[in-house]
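A.B. asks: Have a peek at entry01.txt (compact mmCIF, C-alpha atoms).
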# COMPACT_ATOMS: atom_id res chain seq x y z
CA MET E 1 -21.29 291.04 215.77
CA HIS E 2 -22.54 289.36 212.68
CA SER E 3 -25.48 286.99 212.59
CA THR E 4 -26.38 284.38 210.09
CA LEU E 5 -28.65 281.57 209.21
CA PRO E 6 -27.43 278.23 208.46
CA PRO E 7 -28.11 277.08 204.94
CA GLN E 8 -31.33 275.45 203.98
CA GLN E 9 -31.19 271.84 205.10
CA GLU E 10 -32.63 268.67 203.68
CA HIS E 11 -35.27 267.01 205.82
CA SER E 12 -35.12 263.57 204.27
CA GLU E 13 -35.18 260.88 206.92
CA PRO E 14 -34.14 257.46 205.63
CA PRO E 15 -36.05 254.61 207.25
CA ARG E 16 -33.01 252.49 208.11
CA THR E 17 -32.36 252.08 211.82
CA ALA E 18 -29.12 251.56 213.62
CA PRO E 19 -28.03 248.16 214.85
CA HIS E 20 -27.60 247.79 218.63
CA ALA E 21 -29.87 250.81 219.18
CA PRO E 22 -33.27 251.31 220.78
CA PRO E 23 -36.13 250.68 218.35
CA PRO E 24 -37.37 253.74 216.49
CA SER E 25 -39.79 255.79 218.50
CA PRO E 26 -43.35 256.39 217.27
CA GLY E 27 -42.45 260.07 217.54
CA GLY E 28 -39.90 259.72 214.76
CA ARG E 29 -41.32 259.74 211.26
CA ALA E 30 -40.07 259.94 207.73
CA GLY E 31 -40.31 263.06 205.60
CA ARG E 32 -39.86 266.74 206.37
CA VAL E 33 -40.29 268.05 209.88
CA ALA E 34 -42.41 271.08 209.16
CA ALA E 35 -42.03 272.55 212.64
CA LEU E 36 -38.31 272.98 211.99
CA ASP E 37 -39.15 275.15 208.97
CA GLY E 38 -41.34 277.28 211.21
CA LEU E 39 -38.55 277.63 213.75
CA ARG E 40 -36.12 278.49 210.97
CA LEU E 41 -38.43 281.26 209.75
CA CYS E 42 -38.68 282.69 213.27
CA ALA E 43 -34.90 282.67 213.58
CA ALA E 44 -34.53 284.31 210.18
CA LEU E 45 -36.84 287.17 211.10
CA MET E 46 -34.97 287.60 214.39
CA VAL E 47 -31.72 288.04 212.51
CA VAL E 48 -33.26 290.44 210.01
CA ALA E 49 -34.70 292.53 212.85
CA TYR E 50 -31.31 292.58 214.58
CA HIS E 51 -29.46 293.82 211.51
CA TRP E 52 -32.05 296.33 210.35
CA ILE E 53 -33.24 297.74 213.68
CA ALA E 54 -30.63 297.14 216.40
CA PHE E 55 -27.26 296.77 214.65
CA GLY E 56 -25.17 299.94 214.49
CA SER E 57 -24.92 299.92 210.70
CA GLY E 58 -25.37 303.64 210.11
CA ALA E 59 -27.98 302.90 207.44
CA TRP E 60 -30.66 304.94 209.20
CA ASP E 61 -30.17 308.69 209.46
CA ALA E 62 -30.82 308.56 213.22
CA PRO E 63 -29.88 306.00 215.91
CA ALA E 64 -32.08 302.88 216.01
CA ARG E 65 -33.50 303.69 219.45
CA ALA E 66 -34.76 307.02 218.06
CA VAL E 67 -36.15 305.53 214.82
CA PHE E 68 -37.70 302.51 216.57
CA PRO E 69 -38.21 303.51 220.22
CA THR E 70 -40.28 300.40 220.96
CA ALA E 71 -38.93 297.78 218.56
CA HIS E 72 -35.21 298.39 219.03
CA LEU E 73 -35.09 296.60 222.41
CA PRO E 74 -36.63 293.26 221.33
CA ALA E 75 -34.68 293.46 218.06
CA SER E 76 -31.51 293.73 220.13
CA TYR E 77 -31.89 290.03 220.92
CA GLY E 78 -32.21 289.00 217.29
CA TRP E 79 -28.58 287.82 217.18
CA LEU E 80 -29.76 284.79 219.16
CA GLY E 81 -31.36 283.48 215.98
CA VAL E 82 -27.90 282.08 215.24
CA GLN E 83 -28.06 279.81 218.27
CA LEU E 84 -31.46 278.51 217.22
CA PHE E 85 -30.17 277.78 213.74
CA PHE E 86 -27.21 275.86 215.09
CA LEU E 87 -29.59 273.73 217.15
CA ILE E 88 -31.70 273.05 214.07
CA SER E 89 -28.59 272.27 212.04
CA GLY E 90 -27.43 269.59 214.50
CA PHE E 91 -30.84 267.91 214.27
CA VAL E 92 -31.18 268.10 210.50
CA ILE E 93 -27.62 267.20 209.53
CA CYS E 94 -27.82 264.06 211.64
CA MET E 95 -31.17 263.24 210.06
CA SER E 96 -30.05 263.89 206.49
CA GLY E 97 -26.82 261.92 206.91
CA TRP E 98 -28.52 258.74 208.13
CA GLY E 99 -28.19 255.91 205.63
CA ARG E 100 -25.98 257.91 203.25
CA SER E 101 -22.44 257.39 202.12
CA VAL E 102 -19.94 260.15 202.80
CA GLY E 103 -19.97 261.02 199.08
CA GLU E 104 -23.75 261.39 199.06
CA PHE E 105 -23.57 263.43 202.25
CA ALA E 106 -20.93 265.76 200.81
CA ALA E 107 -22.87 266.16 197.55
CA SER E 108 -26.06 267.06 199.41
CA ARG E 109 -24.29 269.63 201.57
CA ALA E 110 -22.54 271.27 198.61
CA ALA E 111 -25.80 271.38 196.67
CA ARG E 112 -27.49 273.14 199.57
CA LEU E 113 -24.71 275.60 200.31
CA LEU E 114 -23.23 276.72 197.04
CA PRO E 115 -25.73 277.77 194.34
CA ALA E 116 -27.55 280.48 196.28
CA TYR E 117 -24.29 281.49 197.95
CA TRP E 118 -22.49 282.03 194.62
CA PHE E 119 -25.38 284.17 193.37
CA ALA E 120 -25.56 286.17 196.60
CA VAL E 121 -21.82 286.90 196.67
CA LEU E 122 -21.96 288.30 193.15
CA LEU E 123 -25.16 290.28 193.74
CA VAL E 124 -24.10 291.75 197.09
CA ALA E 125 -20.69 292.67 195.67
CA LEU E 126 -22.34 294.37 192.70
CA VAL E 127 -24.75 296.35 194.89
CA VAL E 128 -22.10 297.44 197.40
CA ARG E 129 -19.62 298.37 194.66
CA ARG E 130 -22.32 300.44 192.95
CA TRP E 131 -23.50 302.11 196.18
CA PRO E 132 -20.69 301.99 198.81
CA THR E 133 -22.69 304.24 201.13
CA VAL E 134 -22.76 301.97 204.20
CA ASN E 135 -19.95 299.47 203.59
CA SER E 136 -16.78 299.81 201.57
CA ALA E 137 -16.76 298.08 198.20
CA PRO E 138 -15.01 294.68 198.05
CA SER E 139 -12.17 294.27 195.59
CA LEU E 140 -12.48 291.80 192.73
CA ARG E 141 -9.81 289.70 194.42
CA GLU E 142 -11.88 289.54 197.60
CA VAL E 143 -15.01 288.64 195.63
CA ALA E 144 -13.15 285.81 193.89
CA VAL E 145 -11.96 284.34 197.19
CA ASN E 146 -15.42 284.70 198.70
CA LEU E 147 -16.79 282.45 195.96
CA THR E 148 -14.79 279.59 197.51
CA MET E 149 -16.50 280.12 200.91
CA LEU E 150 -13.02 279.95 202.44
CA GLN E 151 -12.50 283.68 202.97
CA GLU E 152 -12.37 283.43 206.77
CA PRO E 153 -9.52 280.88 207.09
CA LEU E 154 -7.69 282.73 204.30
CA GLY E 155 -7.98 286.05 206.15
CA VAL E 156 -10.00 287.76 203.40
CA GLU E 157 -12.81 290.20 204.18
CA PRO E 158 -16.26 288.72 203.53
CA VAL E 159 -18.43 290.32 200.88
CA ASP E 160 -21.21 290.30 203.45
CA GLY E 161 -20.55 290.22 207.17
CA VAL E 162 -23.14 287.51 207.86
CA TYR E 163 -21.11 284.89 206.03
CA TRP E 164 -18.88 284.23 209.03
CA THR E 165 -21.09 281.46 210.42
CA LEU E 166 -20.98 279.57 207.15
CA TRP E 167 -17.42 278.61 208.05
CA ILE E 168 -18.70 277.29 211.38
CA GLU E 169 -21.31 275.23 209.55
CA VAL E 170 -18.74 273.87 207.11
CA ARG E 171 -16.48 272.75 209.94
CA PHE E 172 -19.41 271.00 211.60
CA TYR E 173 -20.16 269.20 208.34
CA LEU E 174 -16.54 268.09 208.03
CA LEU E 175 -16.50 266.74 211.58
CA PHE E 176 -19.80 264.95 211.17
CA ALA E 177 -18.64 263.49 207.84
CA LEU E 178 -16.20 261.37 209.85
CA VAL E 179 -19.01 259.44 211.50
CA VAL E 180 -21.03 259.41 208.27
CA ALA E 181 -18.06 257.71 206.61
CA ALA E 182 -18.13 255.01 209.29
CA GLY E 183 -21.90 254.64 208.95
CA LEU E 184 -24.36 256.32 211.27
CA THR E 185 -25.62 254.19 214.13
CA TYR E 186 -27.09 255.17 217.47
CA ARG E 187 -23.93 254.10 219.30
CA ARG E 188 -21.54 255.84 216.90
CA VAL E 189 -23.45 259.11 216.96
CA LEU E 190 -23.48 259.06 220.76
CA ALA E 191 -19.74 258.42 220.75
CA PHE E 192 -19.24 261.31 218.33
CA CYS E 193 -21.14 263.68 220.63
CA GLY E 194 -19.13 262.55 223.66
CA LEU E 195 -15.76 262.77 221.94
CA TRP E 196 -16.56 266.17 220.42
CA ALA E 197 -17.67 267.56 223.77
CA CYS E 198 -14.54 266.24 225.52
CA GLY E 199 -12.31 267.58 222.76
CA ALA E 200 -13.99 270.99 222.99
CA LEU E 201 -13.34 271.12 226.72
CA VAL E 202 -9.68 270.23 226.18
CA ALA E 203 -9.43 272.95 223.52
CA ARG E 204 -10.79 275.52 225.97
CA ALA E 205 -8.63 274.36 228.86
CA THR E 206 -5.38 274.34 226.87
CA GLY E 207 -6.11 277.38 224.71
CA ASP E 208 -4.70 275.53 221.72
CA ASP E 209 -5.54 277.56 218.60
CA VAL E 210 -5.60 274.55 216.26
CA LEU E 211 -8.00 272.63 218.48
CA ARG E 212 -10.20 275.70 218.79
CA GLU E 213 -10.39 276.10 215.03
CA VAL E 214 -11.22 272.45 214.49
CA LEU E 215 -13.48 271.65 217.43
CA LEU E 216 -15.56 274.85 217.72
CA PRO E 217 -15.50 274.80 221.54
CA TYR E 218 -17.90 277.73 221.92
CA ASP E 219 -20.45 276.68 219.29
CA CYS E 220 -20.37 272.88 219.40
CA TRP E 221 -22.89 272.68 222.24
CA TYR E 222 -25.75 273.71 219.97
CA PHE E 223 -24.84 271.16 217.32
CA VAL E 224 -24.38 268.41 219.92
CA ALA E 225 -27.73 269.22 221.52
CA GLY E 226 -29.39 269.23 218.09
CA ILE E 227 -27.94 265.80 217.35
CA ALA E 228 -29.22 264.50 220.70
CA PHE E 229 -32.66 265.91 219.90
CA TYR E 230 -32.66 264.00 216.62
CA LEU E 231 -31.73 260.77 218.40
CA MET E 232 -34.71 261.37 220.70
CA HIS E 233 -36.90 261.97 217.67
CA ARG E 234 -35.73 258.77 216.00
CA PHE E 235 -35.27 256.39 218.93
CA GLY E 236 -37.11 257.99 221.82
CA PRO E 237 -35.82 259.94 224.83
CA ASN E 238 -33.70 258.50 227.62
CA ALA E 239 -31.66 259.77 230.53
CA LEU E 240 -28.40 259.83 228.56
CA LEU E 241 -29.81 261.98 225.76
CA TRP E 242 -31.44 264.37 228.24
CA GLY E 243 -28.09 264.57 230.02
CA ILE E 244 -26.38 265.61 226.77
CA VAL E 245 -29.04 268.24 226.12
CA GLY E 246 -28.94 269.55 229.69
CA THR E 247 -25.16 269.77 229.77
CA SER E 248 -25.12 271.58 226.44
CA LEU E 249 -27.72 274.06 227.70
CA LEU E 250 -25.80 274.82 230.89
CA ILE E 251 -22.52 275.40 229.07
CA ALA E 252 -24.22 277.43 226.33
CA GLN E 253 -25.88 279.79 228.82
CA HIS E 254 -22.49 280.46 230.39
CA ASP E 255 -20.96 281.36 227.02
CA LEU E 256 -23.82 283.69 226.13
CA VAL E 257 -22.47 286.31 228.54
CA ALA E 258 -19.49 286.93 226.26
CA ALA E 259 -21.63 286.58 223.13
CA GLN E 260 -24.03 289.26 224.35
CA ALA E 261 -21.15 291.58 225.13
CA ARG E 262 -19.95 291.25 221.53
CA ALA E 263 -23.46 291.94 220.25
CA GLU E 264 -23.74 295.02 222.44
CA SER E 265 -20.45 296.36 221.11
CA HIS E 266 -21.89 296.28 217.61
CA MET E 267 -25.25 297.68 218.62
CA GLY E 268 -23.77 300.49 220.67
CA HIS E 269 -26.09 299.98 223.63
CA ARG E 270 -26.50 297.54 226.50
CA VAL E 271 -29.53 295.34 227.15
CA PRO E 272 -30.62 293.19 230.13
CA HIS E 273 -29.21 289.67 230.15
CA TRP E 274 -32.22 287.75 231.50
CA PRO E 275 -34.12 287.77 228.15
CA THR E 276 -31.07 286.15 226.54
CA LEU E 277 -31.28 283.25 228.99
CA LEU E 278 -35.04 283.05 228.59
CA LEU E 279 -34.80 282.83 224.80
CA LEU E 280 -32.16 280.10 225.04
CA VAL E 281 -34.49 278.05 227.24
CA VAL E 282 -37.34 278.69 224.80
CA PHE E 283 -35.17 277.44 221.91
CA PHE E 284 -34.24 274.24 223.73
CA SER E 285 -37.86 273.76 224.77
CA ALA E 286 -39.07 274.16 221.19
CA MET E 287 -36.53 271.61 219.96
CA SER E 288 -37.63 269.27 222.77
CA ALA E 289 -41.20 269.53 221.51
CA VAL E 290 -40.05 268.60 218.00
CA ALA E 291 -37.91 265.73 219.28
CA LEU E 292 -40.78 264.28 221.33
CA GLY E 293 -43.19 264.46 218.41
CA TRP E 294 -45.46 267.07 219.96
CA THR E 295 -45.38 269.21 216.80
CA ARG E 296 -46.42 266.51 214.32
CA ARG E 297 -49.74 268.21 213.65
CA LEU E 298 -47.99 271.37 212.46
CA ASP E 299 -47.63 269.85 209.01
CA TRP E 300 -48.68 272.90 207.04
CA ARG E 301 -47.37 273.14 203.50
CA TRP E 302 -46.63 276.86 203.78
CA LEU E 303 -44.08 276.12 206.52
CA SER E 304 -41.94 274.15 204.07
CA THR E 305 -42.18 277.02 201.59
CA ALA E 306 -41.19 279.52 204.28
CA GLY E 307 -38.31 277.35 205.41
CA ALA E 308 -36.94 277.25 201.89
CA LEU E 309 -36.67 281.05 201.87
CA THR E 310 -34.51 281.43 204.94
CA TYR E 311 -31.12 280.66 203.39
CA PRO E 312 -31.38 283.11 200.46
CA LEU E 313 -32.97 285.64 202.83
CA TYR E 314 -29.97 285.34 205.12
CA LEU E 315 -27.51 285.66 202.25
CA LEU E 316 -29.11 288.81 200.84
CA HIS E 317 -30.70 290.76 203.65
CA GLU E 318 -27.87 292.51 205.49
CA ARG E 319 -25.84 294.76 203.20
CA VAL E 320 -28.36 294.93 200.37
CA GLY E 321 -30.95 295.90 202.98
CA TRP E 322 -28.66 298.56 204.42
CA VAL E 323 -28.10 300.07 200.97
CA LEU E 324 -31.86 300.24 200.34
CA ILE E 325 -32.50 301.76 203.76
CA LYS E 326 -29.79 304.37 203.24
CA ARG E 327 -31.20 305.41 199.88
CA VAL E 328 -34.88 305.51 200.88
CA ASP E 329 -34.76 306.63 204.52
CA GLY E 330 -36.23 310.12 204.86
CA ARG E 331 -38.44 309.71 201.80
CA VAL E 332 -40.61 306.96 203.31
CA PRO E 333 -41.57 306.70 207.00
CA ALA E 334 -39.51 304.03 208.78
CA HIS E 335 -42.60 302.19 210.03
CA VAL E 336 -43.69 301.82 206.40
CA LEU E 337 -40.27 301.18 204.88
CA LEU E 338 -39.37 298.32 207.23
CA PRO E 339 -42.32 295.96 206.50
CA VAL E 340 -42.16 296.76 202.79
CA LEU E 341 -38.47 295.90 202.79
CA VAL E 342 -39.13 292.61 204.64
CA VAL E 343 -41.73 291.62 202.05
CA ALA E 344 -39.44 292.63 199.21
CA MET E 345 -36.59 290.52 200.62
CA LEU E 346 -38.90 287.53 201.05
CA VAL E 347 -39.99 287.88 197.42
CA ALA E 348 -36.35 288.14 196.34
CA ALA E 349 -35.52 285.05 198.42
CA ARG E 350 -38.34 283.15 196.73
CA LEU E 351 -37.03 284.12 193.29
CA VAL E 352 -33.53 283.01 194.21
CA HIS E 353 -34.81 279.72 195.59
CA VAL E 354 -36.90 278.93 192.52
CA GLY E 355 -34.64 280.37 189.84
CA ILE E 356 -31.17 279.67 191.25
CA GLU E 357 -31.18 277.16 194.08
CA ARG E 358 -33.43 274.49 192.64
CA PRO E 359 -31.94 274.12 189.16
CA LEU E 360 -28.29 274.61 190.15
CA ALA E 361 -28.52 272.47 193.28
CA ARG E 362 -29.69 269.54 191.19
CA ARG E 363 -26.77 269.94 188.82
CA VAL E 364 -24.22 270.33 191.61
CA ARG E 365 -25.57 267.32 193.48
CA ASP E 366 -25.74 265.07 190.41
CA GLY E 367 -22.29 266.12 189.23
CA LEU E 368 -20.67 265.46 192.60
CA ARG E 369 -22.43 262.13 192.96
CA ARG E 370 -21.09 261.01 189.59
CA ALA E 371 -17.62 262.22 190.57
CA THR E 372 -17.62 260.39 193.91
CA ALA E 373 -19.00 257.27 192.25
CA ALA E 374 -16.12 257.39 189.77
CA ILE E 375 -13.65 257.66 192.66
CA GLY E 376 -15.18 254.60 194.24
CA THR E 377 -14.79 252.53 191.07
CA GLY E 378 -11.38 253.88 190.10
Would you mind writing the file out in structure tokens?
C.D. replies:
Amino acid sequence: MHSTLPPQQEHSEPPRTAPHAPPPSPGGRAGRVAALDGLRLCAALMVVAYHWIAFGSGAWDAPARAVFPTAHLPASYGWLGVQLFFLISGFVICMSGWGRSVGEFAASRAARLLPAYWFAVLLVALVVRRWPTVNSAPSLREVAVNLTMLQEPLGVEPVDGVYWTLWIEVRFYLLFALVVAAGLTYRRVLAFCGLWACGALVARATGDDVLREVLLPYDCWYFVAGIAFYLMHRFGPNALLWGIVGTSLLIAQHDLVAAQARAESHMGHRVPHWPTLLLLVVFFSAMSAVALGWTRRLDWRWLSTAGALTYPLYLLHERVGWVLIKRVDGRVPAHVLLPVLVVAMLVAARLVHVGIERPLARRVRDGLRRATAAIGTG
């Protein structure tokens, strides 16, 4: 099973409120929500631990449970970082889309997704082609298709296995763009959540492949819950929003049985299921704390810096990390190599963020905004 982090999200919160909606809650405030960056960092490290300690990659000379007799069990739950990131994504995408046109929304999403992704595809492909010791080298044709971020629907192998959830994120953005195009209001966002949930249930009941591809019936519950959490943050909690969150949690915990089985097939060992359920409850509880404004005091600047590193860290860590482990394992003790490698990847992520993401994201965003503006006046 692959794991991934959603791309770095914008935390801008426009002050405009929705007509026919409850007044904004004192818990909702403009600016970044630093606690979300902290949660994103925790999820990122969970995913890194899963891929480097628990995943059956073959990068280590011995099985993970022999190399890390204590750490391999908690790391075996690191794949759940994906679920936390989907929750965060629902919250942040709703927040960043408020008060924006669909063109501005699309430009902001492309600017966040593409620059670091393009760089990572090329770098990972170069590293794996040079040292195909853990994974087979991608062809130039596969690399070219991967640059479009459409490799999964086109049936092309990803350059890095973690990229599979990017296609889930993109489909969420496309669905949410429909309500952004109409103009986000409290009532319209609620209707979107209800219609999406009903459509997902129909997709599961009928087994229709097209509906499943479009409506994400096994992943939508995290995005829907994240959206409901943002509405709580902005307008205050109520019984309807708690009902959406509770329903999403109950359905999600049911689906985690199959998700854990897939994770175990890739790890090569079984783990107890109760920590999976416990972590899911912890994730929803943490997002509840953010939504209710209980984390407002956690406004530490370093959290924003750490949050900015998670997307490039996700893009780079898996196969590049496996190559480095394969080449160094046996020369350096594993308990020394692992923390050094984590620090090195964080430094690399910082360099990518500062040197690639920031300058290119600005150009992509400005270029797309000018293009959409021209469409509107044409």
A.B. asks: May I ask for the distance between CA of Ile88 in chain E and CA of Ala110 in chain E, given in Å to one decimal place?
C.D. replies: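 According to the coordinates, CA of Ile88 in chain E and CA of Ala110 in chain E are separated by 18.1 Å.
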A.B. asks: Skip Gly58 in chain E itself and residues of its chain fewer than 5 positions away, then list as a count of residues only all residues within 9 Å of it, counting only C-alpha atoms.
C.D. replies: 5
A.B. asks: Can you work out the spacing between CA of Leu360 in chain E and CA of Trp302 in chain E in Å, to one decimal?
C.D. replies: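 CA of Trp302 in chain E lies 23.0 Å from CA of Leu360 in chain E.
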A.B. asks: Excluding same-chain residues fewer than 6 positions from Gly321 in chain E, what lies within 9 Å of it counting all atoms listed in the file, as a list in words?
C.D. replies: His51, Trp52, Ala59, Leu341, Val342 and Met345 of chain E
A.B. asks: E:Val162, E:Ile53, E:Leu154, E:Ile93: which is nearest His317 in chain E, counting all atoms listed in the file?
C.D. replies: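 Ranking E:Val162, E:Ile53, E:Leu154, E:Ile93 by distance to His317 in chain E, first place goes to E:Val162.
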A.B. asks: Figure out the distance between CA of Leu80 in chain E and CA of Leu126 in chain E, please, to one decimal in Å.
C.D. replies: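 Those two atoms sit 29.1 Å apart.
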A.B. asks: Would you pick out the contacts of Ala191 in chain E at 12 Å or less, using only C-alpha atoms, so that residues sharing its chain but fewer than 5 positions from it are not included, and give the list as a CSV table (one decimal) with C-alpha atoms, keeping the file's coordinate frame?
C.D. replies:
chain,number,residue,atom,x,y,z
E,176,PHE,CA,-19.8,265.0,211.2
E,178,LEU,CA,-16.2,261.4,209.8
E,179,VAL,CA,-19.0,259.4,211.5
E,184,LEU,CA,-24.4,256.3,211.3
E,185,THR,CA,-25.6,254.2,214.1
E,186,TYR,CA,-27.1,255.2,217.5
E,196,TRP,CA,-16.6,266.2,220.4
E,197,ALA,CA,-17.7,267.6,223.8
E,198,CYS,CA,-14.5,266.2,225.5
E,199,GLY,CA,-12.3,267.6,222.8
E,224,VAL,CA,-24.4,268.4,219.9
E,227,ILE,CA,-27.9,265.8,217.4
E,228,ALA,CA,-29.2,264.5,220.7
E,240,LEU,CA,-28.4,259.8,228.6
E,241,LEU,CA,-29.8,262.0,225.8
E,244,ILE,CA,-26.4,265.6,226.8
